[in-house]
Amino acid sequence: MESGKVRYLYLFIPFMLVSEESFMTNYEYGEMLYFNPRGISCAACHGDLGEGKLIGKYIDEEKGKQIIKGSDIRTKSLQEMLIAMNTKHSIMPRYYLTNSEVERIYEYLKKKNEKK
């Protein structure tokens, strides 16, 4: 490498030292995953804060009026969330998130709910 090009390389070293490793924080990544993990938002059923919300109502011929509600996930442990995300559900779609992604969602919800 020519000495002139090396000099220009040294100009970028201070920027590399003070820049973050990632372009987004874990909180921002957790928020992004919660609101759009794989095209279907967790918030659509679990609410903006994980409080759970009404998904729909219907009438069953045998049981009568029924409701479908997303569960409140604010008090779930990380382990409970990991199990839930890796278990087949009759209503909740399978997202195929990694354990690390579920952990980011968990941390996002914990931090988001402590602010309220």
# chains A, B, ... in the order shown; residues from 1 in each chain; ligands from 1
call {"tool": "residues_around", "arguments": {"residues": "range 76-92 of chain A", "least_positions_apart": "4", "cutoff": "12 Å", "atoms": "only C-alpha atoms", "output": "PyMOL selection string"}}
result
chain A and resi 37+40-46+50-51+55-56+68-72+96-110
call {"tool": "write_last_selection", "arguments": {"atoms": "C-alpha atoms", "output": "mmCIF file, in the first residue's frame"}}
result
data_model
loop_
_atom_site.group_PDB
_atom_site.id
_atom_site.type_symbol
_atom_site.label_atom_id
_atom_site.label_comp_id
_atom_site.auth_asym_id
_atom_site.auth_seq_id
_atom_site.Cartn_x
_atom_site.Cartn_y
_atom_site.Cartn_z
ATOM 1 C CA PRO A 37 -40.693 -10.023 13.748
ATOM 2 C CA ILE A 40 -46.878 -10.246 11.738
ATOM 3 C CA SER A 41 -46.647 -7.965 14.760
ATOM 4 C CA CYS A 42 -46.573 -9.404 18.303
ATOM 5 C CA ALA A 43 -48.378 -6.189 19.305
ATOM 6 C CA ALA A 44 -51.367 -7.090 17.101
ATOM 7 C CA CYS A 45 -52.370 -9.704 19.698
ATOM 8 C CA HIS A 46 -50.302 -8.893 22.778
ATOM 9 C CA GLY A 50 -47.479 -6.834 26.083
ATOM 10 C CA GLU A 51 -50.718 -6.386 28.048
ATOM 11 C CA ILE A 55 -58.285 -10.472 18.802
ATOM 12 C CA GLY A 56 -61.828 -11.440 17.929
ATOM 13 C CA ILE A 68 -59.963 -14.888 21.407
ATOM 14 C CA LYS A 69 -57.530 -12.752 23.353
ATOM 15 C CA GLY A 70 -53.766 -12.450 23.180
ATOM 16 C CA SER A 71 -52.192 -13.247 26.518
ATOM 17 C CA ASP A 72 -50.585 -10.702 28.837
ATOM 18 C CA TYR A 96 -38.814 -19.091 14.140
ATOM 19 C CA LEU A 97 -36.979 -16.469 16.166
ATOM 20 C CA THR A 98 -33.607 -17.301 17.647
ATOM 21 C CA ASN A 99 -33.196 -17.400 21.430
ATOM 22 C CA SER A 100 -31.191 -14.188 21.142
ATOM 23 C CA GLU A 101 -34.066 -12.466 19.293
ATOM 24 C CA VAL A 102 -36.587 -13.614 21.909
ATOM 25 C CA GLU A 103 -34.251 -12.269 24.594
ATOM 26 C CA ARG A 104 -34.145 -8.863 22.855
ATOM 27 C CA ILE A 105 -37.980 -8.802 22.771
ATOM 28 C CA TYR A 106 -38.092 -9.789 26.449
ATOM 29 C CA GLU A 107 -35.623 -7.039 27.417
ATOM 30 C CA TYR A 108 -37.521 -4.490 25.307
ATOM 31 C CA LEU A 109 -40.827 -5.289 27.040
ATOM 32 C CA LYS A 110 -39.257 -5.180 30.508
#
call {"tool": "atom_distance", "arguments": {"atom1": "CA of Gly64 in chain A", "atom2": "CA of Arg94 in chain A"}}
result
28.5 Å
